[in-house]
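Report on one structure; see the data block that follows.
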Number of protein chains: 2
Amino acid sequence: MPEFLTLLPPKEALDKWFSAFEAGKLENEDVQLLQAPGRVTSKPVIAAHDLPEFHRSAMDGYAVQARDTYGASEGLPSYLNVVGEVPMGAIPAFTLKTNQAALIHTGGMIPEGADSVVMLENTQTTRQGEIEVYQPVTANENVILKGEDIHQGQEVIPAGVRLRHAEIGGLAALGFQMVSVAKRPRIGLISSGDEVIPVDKTPLPGQVRDVNEYTLSVLIEQKGGIPIHYGIIPDNPEKLRGAINKAILENDAVLITAGSSASTRDLTSTIIQKAGKPGVLVHGVNVRPGKPTILAVCDSIPVIGLPGNPVSALVIATLFVSPMIERLMGIKQTRPSGPISARLKVNISSMAGREDWIPVKMEELQNEYQVDPIFFKSNLIFNLASADGLMRIPPAVTGFSAGEIVNIYPI
Amino acid sequence: MPEFLTLLPPKEALDKWFSAFEAGKLENEDVQLLQAPGRVTSKPVIAAHDLPEFHRSAMDGYAVQARDTYGASEGLPSYLNVVGEVPMGAIPAFTLKTNQAALIHTGGMIPEGADSVVMLENTQTTRQGEIEVYQPVTANENVILKGEDIHQGQEVIPAGVRLRHAEIGGLAALGFQMVSVAKRPRIGLISSGDEVIPVDKTPLPGQVRDVNEYTLSVLIEQKGGIPIHYGIIPDNPEKLRGAINKAILENDAVLITAGSSASTRDLTSTIIQKAGKPGVLVHGVNVRPGKPTILAVCDSIPVIGLPGNPVSALVIATLFVSPMIERLMGIKQTRPSGPISARLKVNISSMAGREDWIPVKMEELQNEYQVDPIFFKSNLIFNLASADGLMRIPPAVTGFSAGEIVNIYPI
C-alpha cells in the first residue's frame with residue numbers, strides 16, 4: 001500500500017480525519033439529572049430564576065443597618081437591640097429598624113430593613129436583648145444579593161459540556177429535573193483474523209482470544225458510547241466486506257481490529273476504501289505502538305482500522321477513538337486530565353520523527369513521582385495492566401536521560 | 001465544641017479516621033467481565049494457563065533454524081527452500097528441516113523444527129520456493145516462547161486493584177468470564193437543615209434546593225459506591241438521631257450534610273458522638289473550604305459530617321469520602337491521576353498552616369497549562385462547575401506568585 005510509506009504524525013492524522021466528518025451531529029434526548037453524568041449538553045442551559053433567590057447572609061452574625069455601625073470600635077462600640085432571630089428557610093416575621101439587630105445564620109434571609117451582617121466574632125452580648133458591635137460594616141457587607149451568583153436568563157452551562165458532579169449540582173440548584181444531552185453514539189466493533197477466537201472459547205494451538213473486543217468495549221463505554229458487537233470475522237473478503245458495510249449502516253462510527261498479519265490489514269484497508277466516500281484518509285501513523293492504523297470516513301461515518309495487538313489497539317484507541325467519540329458527542333473543550341510530571345529513573349531512547357507511547361509504573365518518592373518504563377517483547381496486555389500510565393516521547397525527541405522530567409498520561 | 005479549636009491538617013485527620021475502621025471488609029461477589037470496570041479485585045487472579053500458549057512469531061518473516069543463517073550477509077546470503085506458509089490460528093502441517101524456511105505472520109505458530117524467525121525485510125525471494133537471507137538470527141530470535149509473558153500459576157492481578165480496560169483485557173486473554181470483586185459499598189446520604197428542600201420542589205423565600213444530595217450521589221457512584229438516599233431531615237434532634245442511627249445500621253458508611261448554620265452542625269456532631277463507639281474523632285479540619293468537617297466511626301461504620309455549602313461539601317467529599325470508599329473496597333494502591341503542573345497567572349495568598357483548595361480554569365498556551373483561580377464570594381456550585389480543577393495551596397505555603405508552577409487536581 002503506497003499510503004503506508006508516508007506515515008503521518010498522530011496530530012496531523014487526527015486533524016485530517018476530523019476534517020472529514022461532522023462534529024456533534026448526534027440526535028438529542030432528555031435524561032434524568034442523576035443519569036446525566038458523563039453525558040454532553042446538546043444546548044445551552046439557561047437559568048430560569050436568580051441564584052440566590054433572596055438576599056442571604058454569607059456569615060453567622062447579626063443582620064443590621066450598616067449606618068448604625070459607622071465608627072464602631074473596641075473602645076467605642078455601637079449598641080444595638082436584638083429584636084429576634086432569623087429562622088432558617090423562612091421569611092423573618094419582623095422588619096429591622098434603626099439601632100436594631102437580628103441574629104442570623106449563614107444562608108439565612110436578610111430581614112426587611114437590614115442591609116448588612118456583622119460577624120458574630122465582632123459582637124458581644126452585653127445584656128439580654130442587647131449587643132455591642134466592635135467593627136463597622138458597609139452596606140451589603142457579608143450579604144449575597146438576590147441574583148448575585150446567577151441571574152435569571154443567564155447561560156449557566158454552554159452546549160458541548162460533558163457533565164460532572166459540579167454541573168449536575170448546578171442544574172439541581174436551579175431545579176432542573178432533566179437535561180438535554182447528545183444521544184450516546186453507537187460504535188460498531190468488528191474483530192478480524194483467522195487466529196482470533198471468542199473469549200469464552202478454549203484456544204486450540206495457534207489461536208488467541210479476542211482481547212480487543214473487551215478492552216475497546218470498556219473504553220467506548222467510559223467515553224460515553226455504546227459498543228455494538230459484530231463478533232469475529234474470518235479473513236475472507238466477502239464476509240469482512242459484508243460485516244463492515246452492515247456496521248457502517250447501523251452505527252455512528254465503526255472500529256475494526258485487524259488480525260496480526262500484514263495481509264489481513266491490507267485486506268481491511270481495501271474493503272474500507274470501497275465502503276463509502278471519501279474512504280481511507282490515513283494508512284499508517286508515525287507512532288509506536290500502532291503504526292498500521294487506518295483512518296477513514298465512509299459516507300460520513302468515521303471508520304478506524306486498529307492494529308490487532310491488544311496493547312497497540314488500546315494505545316491507538318486512546319489517541320484516536322476517544323477524541324472521535326467526543327467529537328461525535330459535540331464536546332467543545334476537553335478538560336485537562338494530564339499529563340502528570342514525573343522523574344524518569346532510566347535512560348530511554350526513541351527514533352527521531354516517531355512519537356512513542358511507553359507503559360510506565362509510577363512511584364511517589366520525596367514529593368515527586370518517579371517513573372520506570374515497562375519494557376517488553378510481545379506487547380502483552382498484562383504489561384499495560386501493570387502500568388499506571390503512558391509516557392509520551394514526542395517525535396522531535398530522540399530519547400530522555402535518567403533524571404529528566406517527563407509527561408505521563410494516566411490510563 | 002472544644003474539638004473545633006484544634007483543627008487537624010487534612011492528612012492527619014484522614015489518617016486518624018482511617019485507623020479507626022477496617023479496610024476491605026466488604027463481602028465479595030462474582031461479576032461478568034464487561035460489568036467489572038471500576039470494581040476492585042477481592043483476591044489475586046492466578047493464570048490458569050501459559051501466555052502465549054504456543055511458541056509464536058513476533059514478526060512477519062520466515063521461520064527458520066537459526067544455525068542455517070549463521071554468517072549470512074548481503075555479500076554471502078544463506079539460501080533456504082520455502083516449504084510452506086504457516087496458517088494463522090492453526091498448527092503448521094509440516095516440520096521444518098535444515099535449510100528450509102516457512103513464511104510466517106506475526107502471531108503465527110512456530111512450526112516444529114524451527115527455532116527463530118528472520119524478518120521479511122532481511123530476506124529476498126530469489127526464485128519460486130527459494131529465499132536469500134541477508135542477516136543471521138540466533139535461536140529464539142523474534143520468537144515469543146510459550147509461557148514467556150505469563151506462566152501458568154502466576155499471579156497476574158493482585159487483590160485490591162481497581163479494574164481498568166487493560167486488566168479486563170488481561171482477564172479476557174486468560175479466558176476468564178467472571179471476576180471476584182468487592183461488593184459495592186452502600187453509602188447512606190442524609191441531608192439536614194430547615195432551609196433545605198428537595199430539588200423537585202420550588203423554594204419559598206429563604207429556602208434552597210438540596211444540591212448536595214445530587215453532587216455527592218454522583219461522586220459516590222463514580223467511586224464505585226451505591227448512594228442510599230435518606231432525604232432531608234429537619235433540624236430536630238429526635239428526627240436527626242433517628243435517621244442517623246437507621247443509616248448506620250443499614251449502610252457501610254454514612255454521609256450527613258449539615259445545614260449551613262453553626263447550631264445544626266453542633267447538633268449533628270452531638271448525635272454522631274452518641275451513635276456508636278468510638279464516635280467523633282475529628283471535628284474541624286484545617287482546610288478551606290470545609291473547616292467544619294466531622295469525621296467519626298460509629299460501631300465500625302465510618303460516618304462523616306460534611307459542610308452544608310455545596311462547594312465545601314464537594315471539596316471535602318473529594319478529600320475524604322473518595323478515599324474512604326476506596327478503603328472500604330480494599331484498594332491497595334491508588335493510581336496517580338494528578339496533579340497536573342500549570343503556570344499561575346496571578347498572585348494568590350493563603351493563610352500559613354491552612355490547606356486551601358481553589359477552583360481554577362486552565363488554558364493550554366505555548367505548550368503549558370496556564371491557570372486562573374476562580375474567586376467568588378458565595379461558594380456557588382456554578383463556580384465549581386466552571387472550573388477545570390482545584391489548585392492546592394499546601395499548609396506551609398502563604399501563597400504563590402504569578403508565573404509560579406502550581407499543582408492542579410482535575411475534578
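Residue numbers start at 1 in each chain; chains themselves are named A, B, ... in the order of the C-alpha cells; ligands are numbered from 1 in the order shown.
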field: Residue neighbourhood Ala63 in chain A, 10 Å, only C-alpha atoms, exclusion window fewer than 3 positions, as number ranges by chain
entry: A: 57, 59-60, 66, 82, 85-86, 96, 100-105, 108-119, 142-143
Now that the selection is made, can you save its residues with C-alpha atoms as a PDB file, in the first residue's frame?
```
ATOM      1  CA  SER A  57     -26.299  36.069  54.829  1.00  0.00           C
ATOM      2  CA  MET A  59     -21.886  34.601  57.690  1.00  0.00           C
ATOM      3  CA  ASP A  60     -23.158  33.689  61.140  1.00  0.00           C
ATOM      4  CA  ALA A  66     -24.805  49.412  58.246  1.00  0.00           C
ATOM      5  CA  VAL A  82     -31.701  42.366  69.341  1.00  0.00           C
ATOM      6  CA  GLU A  85     -33.594  35.517  65.256  1.00  0.00           C
ATOM      7  CA  VAL A  86     -33.956  34.897  61.549  1.00  0.00           C
ATOM      8  CA  LEU A  96     -35.477  45.818  61.203  1.00  0.00           C
ATOM      9  CA  GLN A 100     -31.817  47.114  65.881  1.00  0.00           C
ATOM     10  CA  ALA A 101     -30.102  43.793  65.124  1.00  0.00           C
ATOM     11  CA  ALA A 102     -31.330  40.248  64.428  1.00  0.00           C
ATOM     12  CA  LEU A 103     -29.397  37.030  64.962  1.00  0.00           C
ATOM     13  CA  ILE A 104     -28.839  35.401  61.573  1.00  0.00           C
ATOM     14  CA  HIS A 105     -27.152  32.191  60.363  1.00  0.00           C
ATOM     15  CA  GLY A 108     -30.476  32.963  56.361  1.00  0.00           C
ATOM     16  CA  MET A 109     -32.680  35.548  54.630  1.00  0.00           C
ATOM     17  CA  ILE A 110     -31.752  39.184  55.300  1.00  0.00           C
ATOM     18  CA  PRO A 111     -34.742  40.731  57.078  1.00  0.00           C
ATOM     19  CA  GLU A 112     -36.604  43.687  55.625  1.00  0.00           C
ATOM     20  CA  GLY A 113     -34.871  46.908  56.744  1.00  0.00           C
ATOM     21  CA  ALA A 114     -31.404  45.323  57.209  1.00  0.00           C
ATOM     22  CA  ASP A 115     -28.649  45.833  54.642  1.00  0.00           C
ATOM     23  CA  SER A 116     -25.615  44.030  56.081  1.00  0.00           C
ATOM     24  CA  VAL A 117     -24.389  41.383  58.539  1.00  0.00           C
ATOM     25  CA  VAL A 118     -21.931  41.881  61.404  1.00  0.00           C
ATOM     26  CA  MET A 119     -19.876  38.727  62.006  1.00  0.00           C
ATOM     27  CA  ASN A 142     -21.477  39.760  54.296  1.00  0.00           C
ATOM     28  CA  VAL A 143     -24.625  39.682  52.190  1.00  0.00           C
TER      29      VAL A 143
END
```
task: Excluding range 318-322 of chain A and residues on its chain fewer than 4 positions from it, collect all residues at most 8 Å away from it, counting only C-alpha atoms, and give them as a list in words.
output: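 The residues satisfying every condition are Pro10, Leu14, Leu219, Ile220, Lys223, Ile304, Leu314 and Glu326 of chain A.
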field: Contacts of Ala296 in chain B at 7 Å (only C-alpha atoms; same-chain gap of 4+ positions) as a PyMOL selection string
entry: chain B and resi 17+279-282+302-304
Could you give me, as a short mmCIF file (atom, residue, chain, number, x, y, z; two decimals) with N, CA and C atoms, in the first residue's frame, the residues within 12 Å of Glu213 in chain B, counting only C-alpha atoms and dropping anything in the same chain fewer than 2 positions from it?
```cif
data_model
loop_
_atom_site.label_atom_id
_atom_site.label_comp_id
_atom_site.auth_asym_id
_atom_site.auth_seq_id
_atom_site.Cartn_x
_atom_site.Cartn_y
_atom_site.Cartn_z
N LEU A 33 -31.53 13.94 35.73
CA LEU A 33 -30.28 14.53 36.20
C LEU A 33 -29.28 13.50 36.73
N LEU A 34 -29.76 12.53 37.51
CA LEU A 34 -28.81 11.57 38.11
C LEU A 34 -28.32 10.55 37.09
N HIS A 165 -20.04 16.05 38.41
CA HIS A 165 -20.88 16.26 39.61
C HIS A 165 -21.22 17.73 39.81
N ALA A 166 -20.25 18.62 39.53
CA ALA A 166 -20.48 20.04 39.79
C ALA A 166 -21.59 20.60 38.89
N ILE A 168 -24.01 18.83 37.51
CA ILE A 168 -25.26 18.21 37.98
C ILE A 168 -25.78 18.99 39.19
N GLY A 169 -24.87 19.36 40.10
CA GLY A 169 -25.26 20.15 41.26
C GLY A 169 -25.82 21.51 40.87
N GLY A 170 -25.19 22.14 39.89
CA GLY A 170 -25.68 23.45 39.43
C GLY A 170 -27.08 23.34 38.85
N ALA A 172 -29.25 21.05 39.62
CA ALA A 172 -30.15 20.78 40.75
C ALA A 172 -30.49 22.08 41.49
N ALA A 173 -29.49 22.95 41.63
CA ALA A 173 -29.72 24.22 42.35
C ALA A 173 -30.79 25.05 41.64
N ILE B 187 -23.64 3.58 50.67
CA ILE B 187 -23.29 4.82 51.36
C ILE B 187 -24.58 5.60 51.64
N GLY B 188 -24.96 5.66 52.92
CA GLY B 188 -26.17 6.40 53.30
C GLY B 188 -25.95 7.90 53.19
N LEU B 189 -26.94 8.59 52.63
CA LEU B 189 -26.83 10.04 52.39
C LEU B 189 -27.97 10.75 53.12
N ILE B 190 -27.61 11.54 54.13
CA ILE B 190 -28.62 12.29 54.88
C ILE B 190 -28.37 13.78 54.68
N SER B 191 -29.39 14.52 54.34
CA SER B 191 -29.27 15.98 54.31
C SER B 191 -30.01 16.54 55.52
N SER B 192 -29.49 17.62 56.06
CA SER B 192 -30.22 18.27 57.15
C SER B 192 -30.25 19.77 56.93
N VAL B 196 -33.43 23.63 53.75
CA VAL B 196 -33.15 22.80 52.58
C VAL B 196 -34.42 22.09 52.12
N ILE B 197 -34.68 22.14 50.82
CA ILE B 197 -35.86 21.47 50.27
C ILE B 197 -35.42 20.55 49.12
N PRO B 198 -36.26 19.53 48.80
CA PRO B 198 -35.89 18.64 47.69
C PRO B 198 -35.76 19.40 46.38
N VAL B 199 -34.93 18.86 45.49
CA VAL B 199 -34.63 19.53 44.22
C VAL B 199 -35.88 19.73 43.38
N ARG B 209 -32.47 24.59 47.40
CA ARG B 209 -32.61 23.19 47.00
C ARG B 209 -31.41 22.36 47.49
N ASP B 210 -31.65 21.06 47.65
CA ASP B 210 -30.65 20.15 48.20
C ASP B 210 -29.67 19.68 47.11
N VAL B 211 -28.75 20.59 46.81
CA VAL B 211 -27.75 20.32 45.78
C VAL B 211 -26.85 19.14 46.18
N THR B 215 -24.83 16.08 43.98
CA THR B 215 -23.38 16.07 43.72
C THR B 215 -22.72 14.87 44.43
N LEU B 216 -23.12 14.60 45.67
CA LEU B 216 -22.50 13.50 46.42
C LEU B 216 -22.90 12.15 45.84
N SER B 217 -24.14 12.07 45.38
CA SER B 217 -24.61 10.85 44.75
C SER B 217 -23.75 10.52 43.53
N VAL B 218 -23.48 11.52 42.72
CA VAL B 218 -22.65 11.31 41.52
C VAL B 218 -21.24 10.88 41.92
N LEU B 219 -20.68 11.55 42.92
CA LEU B 219 -19.32 11.21 43.35
C LEU B 219 -19.25 9.79 43.92
N ILE B 220 -20.25 9.40 44.70
CA ILE B 220 -20.28 8.05 45.28
C ILE B 220 -20.33 7.00 44.17
N PRO B 227 -25.24 5.04 46.36
CA PRO B 227 -25.85 6.02 47.27
C PRO B 227 -27.23 5.56 47.71
N ILE B 228 -27.46 5.59 49.01
CA ILE B 228 -28.77 5.24 49.57
C ILE B 228 -29.34 6.54 50.17
N HIS B 229 -30.47 6.96 49.66
CA HIS B 229 -30.98 8.30 49.99
C HIS B 229 -31.92 8.27 51.19
N TYR B 230 -31.62 9.09 52.17
CA TYR B 230 -32.49 9.22 53.34
C TYR B 230 -33.24 10.55 53.36
N GLY B 231 -33.04 11.35 52.32
CA GLY B 231 -33.80 12.60 52.21
C GLY B 231 -33.32 13.68 53.15
N ILE B 232 -34.17 14.68 53.33
CA ILE B 232 -33.83 15.86 54.12
C ILE B 232 -34.49 15.75 55.49
N LEU B 255 -22.96 9.52 55.18
CA LEU B 255 -22.63 10.93 54.94
C LEU B 255 -23.79 11.79 55.41
N ILE B 256 -23.49 12.82 56.19
CA ILE B 256 -24.52 13.75 56.61
C ILE B 256 -24.08 15.15 56.20
N THR B 257 -24.88 15.81 55.37
CA THR B 257 -24.57 17.21 55.09
C THR B 257 -25.37 18.07 56.03
N ALA B 258 -24.65 18.93 56.72
CA ALA B 258 -25.27 19.78 57.72
C ALA B 258 -25.99 20.94 57.05
N LEU B 306 -20.49 16.59 56.62
CA LEU B 306 -19.95 17.50 55.61
C LEU B 306 -20.58 18.88 55.78
N GLY B 308 -22.56 22.20 54.83
CA GLY B 308 -23.76 22.29 54.00
C GLY B 308 -23.52 22.97 52.67
N ASN B 309 -22.57 23.90 52.63
CA ASN B 309 -22.32 24.60 51.36
C ASN B 309 -21.89 23.61 50.28
N PRO B 310 -22.52 23.67 49.11
CA PRO B 310 -22.26 22.65 48.08
C PRO B 310 -20.81 22.57 47.62
N ALA B 313 -18.87 21.00 50.48
CA ALA B 313 -19.22 19.58 50.60
C ALA B 313 -18.51 18.75 49.54
N LEU B 314 -18.43 19.28 48.32
CA LEU B 314 -17.84 18.52 47.23
C LEU B 314 -16.31 18.44 47.37
N ALA B 317 -15.72 16.02 50.18
CA ALA B 317 -16.01 14.66 49.71
C ALA B 317 -14.87 14.13 48.86
#
```
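CA of Glu364 in chain A to CA of Ala159 in chain B spans 20.7 Å [interatomic distance, one decimal].
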- request: To one decimal in Å, tell me the separation between CA of Lys246 in chain B and CA of His283 in chain B.
  value: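 Between these atoms lies a distance of 22.1 Å.
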